[in-house]
>>> print(open('target27.cif').read())   # mmCIF, C-alpha atoms
data_query
#
loop_
_atom_site.label_atom_id
_atom_site.label_comp_id
_atom_site.auth_asym_id
_atom_site.auth_seq_id
_atom_site.Cartn_x
_atom_site.Cartn_y
_atom_site.Cartn_z
CA MET W 19 0.00 0.00 0.00
CA SER W 20 1.41 3.40 -0.99
CA ASP W 21 1.94 6.03 1.69
CA LYS W 22 1.73 8.81 -0.87
CA LEU W 23 -0.86 11.52 -0.25
CA THR W 24 -3.43 12.38 -2.90
CA LEU W 25 -3.82 15.88 -4.30
CA THR W 26 -7.14 16.64 -5.98
CA GLY W 27 -6.91 19.09 -8.85
CA TYR W 28 -9.22 21.94 -9.75
CA VAL W 29 -9.12 23.60 -13.17
CA SER W 30 -11.12 26.32 -14.87
CA VAL W 31 -11.79 27.60 -18.38
CA LYS W 32 -12.44 31.06 -16.95
CA GLU W 33 -9.99 33.92 -16.86
CA PHE W 34 -8.30 34.18 -13.47
CA GLY W 35 -5.98 36.92 -12.24
CA GLY W 36 -5.32 38.12 -15.77
CA TYR W 37 -4.61 34.65 -17.17
CA ALA W 38 -6.70 32.37 -19.36
CA LEU W 39 -4.87 29.09 -19.38
CA PRO W 40 -6.05 26.09 -21.44
CA VAL W 41 -7.20 23.25 -19.23
CA PRO W 42 -4.65 20.73 -20.58
CA ILE W 43 -1.86 23.13 -19.57
CA GLN W 44 -3.35 23.51 -16.08
CA ASN W 45 -3.50 19.71 -15.87
CA LYS W 46 0.12 19.40 -16.93
CA LEU W 47 1.21 21.91 -14.29
CA LEU W 48 -0.72 20.08 -11.59
CA LYS W 49 0.54 16.69 -12.68
CA THR W 50 4.14 17.92 -12.68
CA TYR W 51 3.59 19.52 -9.28
CA CYS W 52 2.35 16.17 -7.94
CA ASN W 53 5.31 14.29 -9.40
CA ASP W 54 7.75 16.82 -7.95
CA ASN W 55 6.13 16.79 -4.53
CA ASN W 56 5.34 13.08 -4.22
CA PHE W 57 1.54 13.29 -4.48
CA ILE W 58 -0.84 10.99 -6.34
CA TYR W 59 -2.71 13.25 -8.77
CA ARG W 60 -6.46 12.91 -8.63
CA LEU W 61 -8.16 14.11 -11.81
CA PRO W 62 -9.72 17.55 -11.39
CA MET W 63 -13.20 18.86 -11.84
CA ASN W 64 -13.42 21.45 -14.57
CA GLU W 65 -15.28 24.59 -13.53
CA THR W 66 -18.29 25.77 -15.53
CA CYS W 67 -17.84 28.60 -18.00
CA LEU W 68 -20.83 30.36 -16.46
CA HIS W 69 -19.95 33.78 -15.09
CA GLU W 70 -19.70 33.80 -11.29
CA ASN W 71 -20.79 30.16 -11.03
CA PHE W 72 -18.37 28.05 -8.99
CA MET W 73 -20.33 24.82 -8.77
CA PHE W 74 -17.31 22.57 -9.28
CA LEU W 75 -15.18 24.39 -6.73
CA PHE W 76 -18.00 23.83 -4.25
CA SER W 77 -18.19 20.18 -5.35
CA THR W 78 -14.42 19.71 -5.08
CA ILE W 79 -14.54 20.98 -1.51
CA ASN W 80 -17.78 19.19 -0.64
CA MET W 81 -16.32 15.86 -1.80
CA ALA W 82 -12.89 16.33 -0.17
CA SER W 83 -11.96 14.26 2.86
CA ASN W 84 -10.90 15.99 6.06
CA ASN W 85 -7.25 17.19 6.03
CA SER W 86 -6.90 16.46 2.32
CA ASN W 87 -5.05 18.46 -0.33
CA ILE W 88 -6.49 20.46 -3.23
CA GLY W 89 -4.31 21.91 -5.98
CA MET W 90 -5.00 24.68 -8.48
CA CYS W 91 -3.00 27.16 -10.50
CA SER W 92 -3.84 30.29 -8.50
CA ILE W 93 -5.72 31.77 -5.55
CA HIS W 94 -7.35 34.01 -8.17
CA MET W 95 -9.46 31.01 -9.21
CA PHE W 96 -11.54 31.58 -6.08
CA PRO W 97 -14.62 33.78 -6.56
CA LYS W 98 -14.17 37.53 -6.26
CA ASN W 99 -17.56 37.72 -4.59
CA LYS W 100 -16.72 37.75 -0.89
CA SER W 101 -19.94 36.25 0.38
CA LYS W 102 -19.44 33.32 -1.97
CA PHE W 103 -15.84 33.01 -0.79
CA LYS W 104 -17.06 33.02 2.80
CA LEU W 105 -19.37 30.08 2.11
CA LEU W 106 -16.42 28.15 0.66
CA LEU W 107 -14.09 29.21 3.47
CA ASN W 108 -16.43 27.84 6.13
CA LYS W 109 -16.38 24.44 4.45
CA VAL W 110 -12.58 24.59 4.02
CA ILE W 111 -12.02 25.36 7.70
CA GLU W 112 -14.48 22.71 8.82
CA LYS W 113 -12.60 20.09 6.79
CA LYS W 114 -9.12 21.47 7.54
CA LEU W 115 -8.16 21.37 3.88
CA ASN W 116 -4.76 22.38 2.52
CA PHE W 117 -4.55 24.36 -0.72
CA HIS W 118 -1.63 24.26 -3.14
CA PHE W 119 -1.34 27.29 -5.44
CA ILE W 120 1.19 26.80 -8.20
CA PHE W 121 1.53 30.37 -9.47
CA GLU W 122 1.88 31.78 -5.94
CA ASN W 123 4.21 28.88 -5.06
CA SER W 124 2.35 28.45 -1.77
CA VAL W 125 0.83 25.72 0.34
CA VAL W 126 -1.91 27.31 2.43
CA PRO W 127 -3.60 25.51 5.33
CA SER W 128 -7.27 26.23 5.95
CA ILE W 129 -6.70 28.63 8.84
CA GLU W 130 -4.49 30.84 6.65
CA LEU W 131 -6.68 30.79 3.56
CA LYS W 132 -8.69 33.88 4.50
CA ASP W 133 -5.58 36.08 4.89
CA PHE W 134 -4.04 34.64 1.75
CA TYR W 135 -7.21 35.36 -0.21
CA LEU W 136 -7.52 38.91 1.13
CA SER W 137 -3.88 39.62 0.30
CA SER W 138 -4.52 38.46 -3.24
CA ARG W 139 -7.35 40.97 -3.52
CA LEU W 140 -4.85 43.83 -3.14
CA ARG W 141 -4.09 43.39 -6.84
CA TYR W 142 -7.52 44.73 -7.69
CA LEU W 143 -7.48 47.87 -5.51
CA LYS W 144 -7.86 51.11 -7.41
CA ASN W 145 -7.63 54.73 -6.30
CA THR W 146 -10.95 55.12 -4.65
CA ASN W 147 -12.60 56.50 -1.55
CA LEU W 148 -14.06 53.11 -0.75
CA GLU W 149 -12.45 51.23 2.11
CA PHE W 150 -11.03 47.79 1.55
CA SER W 151 -13.42 45.51 3.37
CA SER W 152 -12.26 42.37 5.13
CA ASP W 153 -15.53 41.51 6.80
CA LEU W 154 -15.33 37.80 6.07
CA MET B 16 -38.23 20.27 -32.67
CA LEU B 17 -38.29 21.16 -36.38
CA GLN B 18 -40.57 18.19 -36.97
CA ASN B 19 -40.36 18.29 -40.74
CA PHE B 20 -36.64 17.55 -40.61
CA TYR B 21 -36.95 15.01 -37.81
CA GLN B 22 -39.43 12.76 -39.60
CA ASP B 23 -36.95 12.17 -42.43
CA PHE B 24 -34.05 11.34 -40.12
CA SER B 25 -32.44 7.89 -39.88
CA GLU B 26 -33.11 5.65 -36.88
CA ASN B 27 -29.69 6.50 -35.42
CA SER B 28 -30.41 10.21 -35.74
CA LYS B 29 -33.76 9.83 -34.01
CA ARG B 30 -32.16 7.78 -31.22
CA LEU B 31 -29.51 10.44 -30.73
CA ILE B 32 -32.17 13.11 -30.34
CA ASP B 33 -34.61 11.06 -28.27
CA ASP B 34 -32.23 9.03 -26.06
CA GLY B 35 -29.03 11.07 -26.29
CA TYR B 36 -27.02 8.16 -27.71
CA PHE B 37 -26.88 5.13 -29.96
CA ILE B 38 -24.56 2.12 -30.12
CA ILE B 39 -22.94 0.84 -33.30
CA ASP B 40 -20.74 -1.97 -34.53
CA ILE B 41 -17.20 -0.71 -35.02
CA GLU B 42 -16.69 -0.23 -38.74
CA LYS B 43 -13.05 -1.38 -38.84
CA ILE B 44 -12.70 -3.96 -36.09
CA ASP B 45 -9.25 -5.07 -37.29
CA LYS B 46 -7.95 -1.54 -36.70
CA LEU B 47 -9.44 -1.52 -33.21
CA ILE B 48 -7.72 -4.83 -32.46
CA ASP B 49 -4.45 -3.23 -33.66
CA VAL B 50 -4.96 -0.29 -31.30
CA ARG B 51 -5.63 -2.67 -28.43
CA GLU B 52 -2.40 -4.46 -29.33
CA SER B 53 -0.59 -1.10 -29.31
CA PHE B 54 -1.69 -0.61 -25.73
CA THR B 55 -0.42 -3.99 -24.53
CA ASN B 56 2.90 -3.35 -26.32
CA TYR B 57 3.09 0.10 -24.72
CA LEU B 58 2.43 -1.43 -21.29
CA GLN B 59 5.24 -3.91 -21.76
CA GLU B 60 7.80 -1.54 -23.26
CA SER B 61 7.17 1.55 -21.14
CA HIS B 62 6.00 0.08 -17.84
CA ASP B 63 7.20 -3.52 -17.87
CA ILE B 64 3.61 -4.76 -17.42
CA ASN B 65 2.59 -7.93 -19.21
CA VAL B 66 -1.14 -8.29 -19.91
CA SER B 67 -2.62 -10.01 -22.93
CA SER B 68 -5.07 -8.13 -25.12
CA GLU B 69 -7.88 -10.48 -24.17
CA ASN B 70 -7.26 -9.91 -20.45
CA LEU B 71 -7.05 -6.13 -20.41
CA ASP B 72 -10.05 -6.05 -18.10
CA LEU B 73 -7.73 -7.54 -15.45
CA LEU B 74 -5.21 -4.72 -15.81
CA HIS B 75 -5.74 -3.75 -12.15
CA GLU B 76 -4.02 -6.99 -11.10
CA ASN B 77 -0.80 -5.59 -12.54
CA LEU B 78 -1.20 -1.83 -12.16
CA SER B 79 -1.51 0.18 -8.95
CA VAL B 80 -3.87 3.11 -8.49
CA GLU B 81 -0.77 5.17 -7.77
CA ASN B 82 0.51 4.56 -11.31
CA VAL B 83 -2.74 4.50 -13.26
CA ASN B 84 -2.62 8.15 -14.26
CA ASN B 85 0.98 7.86 -15.48
CA VAL B 86 0.01 4.91 -17.68
CA ARG B 87 -3.15 6.63 -18.89
CA TYR B 88 -1.43 9.89 -19.72
CA GLY B 89 1.59 8.16 -21.24
CA PHE B 90 -0.52 6.09 -23.62
CA PHE B 91 -2.68 9.12 -24.45
CA GLN B 92 0.44 10.93 -25.64
CA TYR B 93 1.83 7.84 -27.36
CA ILE B 94 -1.28 6.89 -29.35
CA ASN B 95 -1.86 10.47 -30.44
CA SER B 96 1.69 10.74 -31.75
CA ILE B 97 2.37 7.45 -33.57
CA SER B 98 0.17 8.13 -36.61
CA LYS B 99 -0.13 11.22 -38.77
CA ASP B 100 -3.55 12.03 -37.30
CA PHE B 101 -5.10 9.68 -34.75
CA THR B 102 -8.37 11.65 -34.59
CA SER B 103 -8.77 10.85 -38.28
CA ASP B 104 -7.83 7.17 -37.78
CA TYR B 105 -10.23 7.00 -34.86
CA LEU B 106 -13.05 8.43 -36.97
CA GLU B 107 -12.72 5.34 -39.20
CA PHE B 108 -14.28 3.30 -36.39
CA ALA B 109 -17.60 5.07 -36.95
CA LYS B 110 -17.27 7.19 -40.06
CA LYS B 111 -20.58 6.25 -41.68
CA SER B 112 -22.51 6.90 -38.48
CA MET B 113 -20.70 10.17 -37.87
CA PHE B 114 -21.43 11.40 -41.39
CA GLU B 115 -25.02 10.28 -40.86
CA VAL B 116 -25.69 12.30 -37.70
CA VAL B 117 -23.18 15.17 -37.88
CA GLY B 118 -22.19 15.73 -41.49
CA THR B 119 -19.24 15.19 -43.78
CA GLU B 120 -17.31 18.40 -43.11
CA LEU B 121 -16.11 17.78 -39.59
CA ALA B 122 -14.05 19.41 -36.90
CA SER B 123 -12.75 17.23 -34.08
CA SER B 124 -11.10 17.80 -30.74
CA LYS B 125 -7.34 17.95 -31.27
CA MET B 126 -6.56 14.70 -29.47
CA VAL B 127 -8.36 11.45 -28.69
CA ASN B 128 -8.73 11.05 -24.93
CA PHE B 129 -7.99 7.83 -23.11
CA SER B 130 -9.55 6.60 -19.85
CA ILE B 131 -8.79 3.79 -17.44
CA GLN B 132 -11.34 2.91 -14.77
CA MET B 133 -10.01 0.21 -12.45
CA PRO B 134 -12.08 -1.31 -9.64
CA ASN B 135 -12.23 0.90 -6.53
CA ASP B 136 -10.03 3.63 -8.03
CA GLU B 137 -11.32 6.90 -6.64
CA SER B 138 -8.67 8.96 -8.41
CA SER B 139 -10.16 8.48 -11.89
CA ILE B 140 -13.80 9.31 -11.22
CA LEU B 141 -15.27 11.82 -13.66
CA PRO B 142 -18.26 13.32 -11.85
CA LEU B 143 -21.62 14.11 -13.36
CA HIS B 144 -21.31 16.90 -15.93
CA SER B 145 -22.23 18.10 -19.38
CA ASP B 146 -19.41 19.07 -21.74
CA MET B 147 -21.27 22.32 -22.27
CA PHE B 148 -20.35 23.38 -18.73
CA SER B 149 -16.80 24.10 -19.86
CA GLY B 150 -17.87 25.88 -23.03
CA GLU B 151 -17.69 23.05 -25.55
CA SER B 152 -20.08 23.14 -28.49
CA PRO B 153 -23.63 21.80 -28.07
CA PHE B 154 -23.39 20.83 -31.75
CA GLN B 155 -20.78 18.14 -31.07
CA VAL B 156 -21.15 14.42 -30.46
CA ASN B 157 -18.73 12.17 -28.64
CA LEU B 158 -17.45 8.89 -30.12
CA TRP B 159 -16.68 6.61 -27.16
CA VAL B 160 -14.98 3.29 -27.90
CA PRO B 161 -13.97 0.76 -25.22
CA LEU B 162 -10.98 -1.60 -25.42
CA THR B 163 -12.70 -3.85 -22.88
CA ASP B 164 -16.31 -4.76 -22.23
CA ALA B 165 -18.01 -1.81 -20.55
CA LYS B 166 -21.01 -2.39 -18.33
CA ASP B 167 -22.52 -1.52 -14.94
CA THR B 168 -20.36 0.79 -12.83
CA ASN B 169 -17.22 0.24 -14.88
CA SER B 170 -19.00 1.95 -17.78
CA MET B 171 -20.25 5.52 -18.12
CA PHE B 172 -23.75 6.66 -17.24
CA ILE B 173 -25.90 9.10 -19.17
CA PHE B 174 -29.02 11.04 -18.22
CA ASN B 175 -31.80 11.36 -20.79
CA PRO B 176 -31.91 14.52 -22.94
CA SER B 177 -35.03 16.14 -21.51
CA PHE B 178 -33.95 15.75 -17.89
CA SER B 179 -30.44 16.95 -18.77
CA GLN B 180 -31.82 20.04 -20.48
CA LYS B 181 -33.97 20.83 -17.47
CA ILE B 182 -31.01 20.66 -15.07
CA CYS B 183 -28.70 22.61 -17.40
CA SER B 184 -31.20 25.44 -17.67
CA GLU B 185 -31.38 25.66 -13.84
CA LEU B 186 -27.69 25.15 -13.19
CA ASN B 187 -27.17 28.12 -10.88
CA ASP B 188 -29.64 26.52 -8.45
CA TYR B 189 -27.13 23.70 -7.96
CA GLU B 190 -24.03 25.83 -7.41
CA GLU B 191 -23.57 25.32 -3.69
CA ASP B 192 -24.69 21.70 -3.30
CA GLY B 193 -23.53 20.36 -6.67
CA LEU B 194 -25.17 17.81 -8.93
CA GLU B 195 -24.15 14.64 -7.09
CA ARG B 196 -27.51 14.21 -5.39
CA LEU B 197 -29.20 13.84 -8.80
CA MET B 198 -27.72 10.35 -8.98
CA MET B 199 -29.56 9.32 -5.81
CA GLU B 200 -32.78 11.22 -6.40
CA TYR B 201 -33.41 10.52 -10.09
CA LYS B 202 -32.38 6.91 -10.69
CA ASP B 203 -34.97 6.51 -13.44
CA GLU B 204 -33.49 9.35 -15.46
CA TYR B 205 -30.12 7.74 -16.27
CA ILE B 206 -28.60 4.41 -17.25
CA PHE B 207 -25.18 2.78 -17.26
CA LEU B 208 -24.35 1.91 -20.85
CA ASN B 209 -23.54 -1.64 -21.89
CA VAL B 210 -20.89 -1.36 -24.62
CA PRO B 211 -18.93 -4.57 -25.30
CA PHE B 212 -15.57 -4.58 -27.07
CA GLY B 213 -16.23 -4.25 -30.79
CA LYS B 214 -19.04 -1.75 -30.29
CA GLY B 215 -18.90 2.02 -30.17
CA LEU B 216 -21.08 4.62 -28.52
CA ILE B 217 -22.06 7.93 -30.09
CA PHE B 218 -23.66 10.28 -27.61
CA SER B 219 -24.55 13.91 -27.23
CA PRO B 220 -22.47 15.43 -24.41
CA THR B 221 -25.23 17.99 -23.92
CA CYS B 222 -26.64 15.14 -21.80
CA LEU B 223 -25.39 14.87 -18.23
CA HIS B 224 -22.93 12.00 -17.98
CA GLY B 225 -19.91 10.73 -16.07
CA ASN B 226 -18.80 7.70 -14.14
CA VAL B 227 -18.93 6.51 -10.54
CA LEU B 228 -16.61 4.37 -8.46
CA ASN B 229 -16.10 1.12 -10.37
CA THR B 230 -17.45 -1.53 -8.02
CA THR B 231 -17.23 -4.35 -10.58
CA LYS B 232 -14.32 -6.78 -10.68
CA THR B 233 -13.12 -5.63 -14.09
CA SER B 234 -11.25 -2.62 -15.45
CA ARG B 235 -12.60 -0.52 -18.28
CA LEU B 236 -10.34 1.13 -20.85
CA SER B 237 -11.84 3.46 -23.42
CA PHE B 238 -11.21 6.28 -25.89
CA ASN B 239 -13.32 9.32 -26.56
CA CYS B 240 -13.19 12.09 -29.11
CA ARG B 241 -15.52 14.97 -30.00
CA TYR B 242 -16.72 15.61 -33.55
CA LYS B 243 -18.83 18.50 -34.80
CA ASN B 244 -19.80 20.10 -38.05
CA LEU B 245 -16.92 22.39 -38.99
CA PHE B 246 -19.27 25.33 -39.51
CA THR B 247 -21.41 25.15 -36.39
CA PRO B 248 -20.67 27.85 -33.76
CA TYR B 249 -17.78 27.87 -31.30
CA HIS B 250 -17.80 29.46 -27.84
CA LYS B 251 -18.09 33.22 -28.10
CA SER B 252 -16.09 34.43 -25.09
CA GLU B 253 -12.62 35.69 -25.93
CA GLU B 254 -10.83 33.77 -23.19
CA SER B 255 -12.48 30.43 -24.02
CA GLU B 256 -10.09 27.79 -25.31
CA LYS B 257 -12.96 25.82 -26.83
CA LYS B 258 -12.48 27.23 -30.28
CA LEU B 259 -11.20 26.09 -33.66
CA GLY B 260 -7.42 26.03 -33.46
CA SER B 261 -7.07 25.60 -29.72
CA PHE B 262 -9.53 22.86 -28.76
CA TYR B 263 -10.95 21.82 -32.14
CA LYS B 264 -9.28 21.33 -35.50
CA ALA B 265 -10.64 21.08 -39.03
CA LEU B 266 -10.73 17.39 -39.95
CA THR B 267 -12.55 16.80 -43.23
CA PRO B 268 -13.06 20.08 -45.12
CA LYS B 269 -14.31 19.71 -48.70
CA ALA B 270 -13.21 21.26 -51.99
CA ALA B 271 -15.79 24.04 -52.03
CA THR B 272 -14.67 25.12 -48.58
CA LEU B 273 -11.03 25.32 -49.68
CA ILE B 274 -12.04 27.38 -52.72
CA GLY B 275 -14.01 29.73 -50.52
CA LEU B 276 -11.15 30.12 -48.06
CA ASN B 277 -8.71 31.03 -50.84
CA PHE B 278 -10.97 33.39 -52.78
CA ASN B 279 -10.50 37.17 -52.69
CA LEU B 280 -12.75 39.80 -54.29
CA ASP B 281 -11.33 43.28 -54.62
CA GLU B 282 -13.36 45.51 -52.35
#
>>> encode(input="target27.cif", output="structure tokens")
Amino acid sequence: MSDKLTLTGYVSVKEFGGYALPVPIQNKLLKTYCNDNNFIYRLPMNETCLHENFMFLFSTINMASNNSNIGMCSIHMFPKNKSKFKLLLNKVIEKKLNFHFIFENSVVPSIELKDFYLSSRLRYLKNTNLEFSSDL
Amino acid sequence: MLQNFYQDFSENSKRLIDDGYFIIDIEKIDKLIDVRESFTNYLQESHDINVSSENLDLLHENLSVENVNNVRYGFFQYINSISKDFTSDYLEFAKKSMFEVVGTELASSKMVNFSIQMPNDESSILPLHSDMFSGESPFQVNLWVPLTDAKDTNSMFIFNPSFSQKICSELNDYEEDGLERLMMEYKDEYIFLNVPFGKGLIFSPTCLHGNVLNTTKTSRLSFNCRYKNLFTPYHKSEESEKKLGSFYKALTPKAATLIGLNFNLDE
């Protein structure tokens, strides 16, 4: 019996953080990441192309075992909508999931995901009078 | 649905519309046997695994779940590279049927996919989905050909077209909880397809489909490739990869099309 951990992938056809990366390329990156880091690669769910619909990210998290690992190209693949992120975050914390973000070169445990996500939002700040809200 | 056209359709065409799929005899069985032989040779040469062609459904006795994706991906690359155009070779398995229900000027996905579903392998499950979710064309059909007998949970399941359309049009309602519960709640709306070696399945991936944990005692190995009419629409969003050139390629354009592409009128 192998003692290797499994990493479940998550890929998307949507633009994320300024990138639009073909799914086969995302798969190759994740597969290489698993080989390099001694994980068994579990085939990913492919997100819908529907704007602001994250059904397969919800499903990936809903179906994950406690303390398991989920890999994706970037934190920017999470929804920009904060209330939707909060729904996901609650599930992530409850299951103590670990996220592996290839572009950010980071492994983020559930308790750090909120800060990591909020930091990533800094990219989208513009000169404005609005305050940056972190009411998650 | 455009009843005047429908009434003149072939039986296969009507089945595709009404049931979402039909099953055919492979048109060039000798070529399929050759492809199956290619896989056993690949297993031996690249992974030092010896399994006879007739016993491929026992592959799991010689291959661990840990290595299944390496074998799957390795053969996917190998089979798509050994001939000039494997999507074209693969079309030969069902060319008459494809021309019958799609047309003669075809585009295909750029590569033929390869799947391995071994008993109790959770890492290869492809959950319930429609190919339209990722922006693929609703005008395409999928040619699915097994190298082993496919049945029960080692095969794929498909929901009927009317139920699939209903769910797809209400998809945002399922965002948070997902579609998995449909399998439990609507058992009469889908079936697992029985496709023995030597047969092929043509289905519309507008229908919800996927596979579950293989609880049989046999492995299933299969190919799949999408084919559509070259001139039916591609996804409109700029960032979508599901377009001609990135996801699809022209496969069987005809003379008049080449003339049209090369013609210039001084404006």
>>> resolve_selection(input="target27.cif", expression="the PyMOL selection byres ((chain W) within 10 of (chain B))", output="PyMOL selection string")
chain W and resi 19-26+30-33+37-42+49+53+57-68+70-78+80-81+102+105-106
>>> resolve_selection(input="target27.cif", expression="the PyMOL selection byres ((chain W and resi 112) around 12)", output="ChimeraX atom specification")
/W:79-80,82-86,105-111,113-116,127-129
>>> atom_distance(input="target27.cif", atom1="atom CA of B:Gly215", atom2="atom CA of B:Ser61")
27.6 Å
>>> resolve_selection(input="target27.cif", expression="the PyMOL selection byres ((chain B and resi 107-114) around 10)", output="PDB file with C-alpha atoms, in the coordinates of the input")
ATOM      1  CA  ASN B  27     -29.690   6.500 -35.420  1.00  0.00           C
ATOM      2  CA  SER B  28     -30.410  10.210 -35.740  1.00  0.00           C
ATOM      3  CA  PHE B  37     -26.880   5.130 -29.960  1.00  0.00           C
ATOM      4  CA  ILE B  38     -24.560   2.120 -30.120  1.00  0.00           C
ATOM      5  CA  ILE B  39     -22.940   0.840 -33.300  1.00  0.00           C
ATOM      6  CA  ASP B  40     -20.740  -1.970 -34.530  1.00  0.00           C
ATOM      7  CA  ILE B  41     -17.200  -0.710 -35.020  1.00  0.00           C
ATOM      8  CA  GLU B  42     -16.690  -0.230 -38.740  1.00  0.00           C
ATOM      9  CA  LYS B  43     -13.050  -1.380 -38.840  1.00  0.00           C
ATOM     10  CA  ILE B  44     -12.700  -3.960 -36.090  1.00  0.00           C
ATOM     11  CA  ASP B  45      -9.250  -5.070 -37.290  1.00  0.00           C
ATOM     12  CA  LYS B  46      -7.950  -1.540 -36.700  1.00  0.00           C
ATOM     13  CA  LEU B  47      -9.440  -1.520 -33.210  1.00  0.00           C
ATOM     14  CA  PHE B 101      -5.100   9.680 -34.750  1.00  0.00           C
ATOM     15  CA  THR B 102      -8.370  11.650 -34.590  1.00  0.00           C
ATOM     16  CA  SER B 103      -8.770  10.850 -38.280  1.00  0.00           C
ATOM     17  CA  ASP B 104      -7.830   7.170 -37.780  1.00  0.00           C
ATOM     18  CA  TYR B 105     -10.230   7.000 -34.860  1.00  0.00           C
ATOM     19  CA  LEU B 106     -13.050   8.430 -36.970  1.00  0.00           C
ATOM     20  CA  GLU B 115     -25.020  10.280 -40.860  1.00  0.00           C
ATOM     21  CA  VAL B 116     -25.690  12.300 -37.700  1.00  0.00           C
ATOM     22  CA  VAL B 117     -23.180  15.170 -37.880  1.00  0.00           C
ATOM     23  CA  GLY B 118     -22.190  15.730 -41.490  1.00  0.00           C
ATOM     24  CA  THR B 119     -19.240  15.190 -43.780  1.00  0.00           C
ATOM     25  CA  GLU B 120     -17.310  18.400 -43.110  1.00  0.00           C
ATOM     26  CA  LEU B 121     -16.110  17.780 -39.590  1.00  0.00           C
ATOM     27  CA  VAL B 156     -21.150  14.420 -30.460  1.00  0.00           C
ATOM     28  CA  ASN B 157     -18.730  12.170 -28.640  1.00  0.00           C
ATOM     29  CA  LEU B 158     -17.450   8.890 -30.120  1.00  0.00           C
ATOM     30  CA  TRP B 159     -16.680   6.610 -27.160  1.00  0.00           C
ATOM     31  CA  VAL B 160     -14.980   3.290 -27.900  1.00  0.00           C
ATOM     32  CA  GLY B 213     -16.230  -4.250 -30.790  1.00  0.00           C
ATOM     33  CA  LYS B 214     -19.040  -1.750 -30.290  1.00  0.00           C
ATOM     34  CA  GLY B 215     -18.900   2.020 -30.170  1.00  0.00           C
ATOM     35  CA  LEU B 216     -21.080   4.620 -28.520  1.00  0.00           C
ATOM     36  CA  ILE B 217     -22.060   7.930 -30.090  1.00  0.00           C
ATOM     37  CA  TYR B 242     -16.720  15.610 -33.550  1.00  0.00           C
ATOM     38  CA  LYS B 243     -18.830  18.500 -34.800  1.00  0.00           C
ATOM     39  CA  ASN B 244     -19.800  20.100 -38.050  1.00  0.00           C
TER      40      ASN B 244
END
>>> residues_around(input="target27.cif", residues="W:Tyr142", least_positions_apart="2", cutoff="10 Å", atoms="all atoms listed in the file", output="list in words")
Gly35, Lys98, Ser138, Arg139, Leu140 and Lys144 of chain W
>>> axis_aligned_box(input="target27.cif", around="stretch 67-74 of chain B", padding_each_side="8 Å", output="lines of an AutoDock Vina configuration file")
center_x = -6.3
center_y = -7.6
center_z = -20.3
size_x = 23.4
size_y = 21.8
size_z = 25.7
>>> atom_distance(input="target27.cif", atom1="atom CA of B:Gly260", atom2="atom CA of B:Ala122")
10.0 Å
>>> atom_distance(input="target27.cif", atom1="atom CA of B:Ser96", atom2="atom CA of B:Val127")
10.5 Å
>>> residues_around(input="target27.cif", residues="B:Asn56", least_positions_apart="5", cutoff="12 Å", atoms="all atoms listed in the file", output="PyMOL selection string")
chain B and resi 49-51+61-68+71+90+93-94
>>> write_last_selection(input="target27.cif", atoms="C-alpha atoms", output="short mmCIF file (atom, residue, chain, number, x, y, z; two decimals), in the frame of the given file")
data_model
loop_
_atom_site.label_atom_id
_atom_site.label_comp_id
_atom_site.auth_asym_id
_atom_site.auth_seq_id
_atom_site.Cartn_x
_atom_site.Cartn_y
_atom_site.Cartn_z
CA ASP B 49 -4.45 -3.23 -33.66
CA VAL B 50 -4.96 -0.29 -31.30
CA ARG B 51 -5.63 -2.67 -28.43
CA SER B 61 7.17 1.55 -21.14
CA HIS B 62 6.00 0.08 -17.84
CA ASP B 63 7.20 -3.52 -17.87
CA ILE B 64 3.61 -4.76 -17.42
CA ASN B 65 2.59 -7.93 -19.21
CA VAL B 66 -1.14 -8.29 -19.91
CA SER B 67 -2.62 -10.01 -22.93
CA SER B 68 -5.07 -8.13 -25.12
CA LEU B 71 -7.05 -6.13 -20.41
CA PHE B 90 -0.52 6.09 -23.62
CA TYR B 93 1.83 7.84 -27.36
CA ILE B 94 -1.28 6.89 -29.35
#
>>> closest_residue(input="target27.cif", among="W:Ser124, W:Lys100, W:Met90, W:Leu131", to="W:Ile43", atoms="all atoms listed in the file")
W:Met90
>>> closest_residue(input="target27.cif", among="W:Lys104, W:His94, W:His118, W:Lys132", to="W:Gly36", atoms="only C-alpha atoms")
W:His94
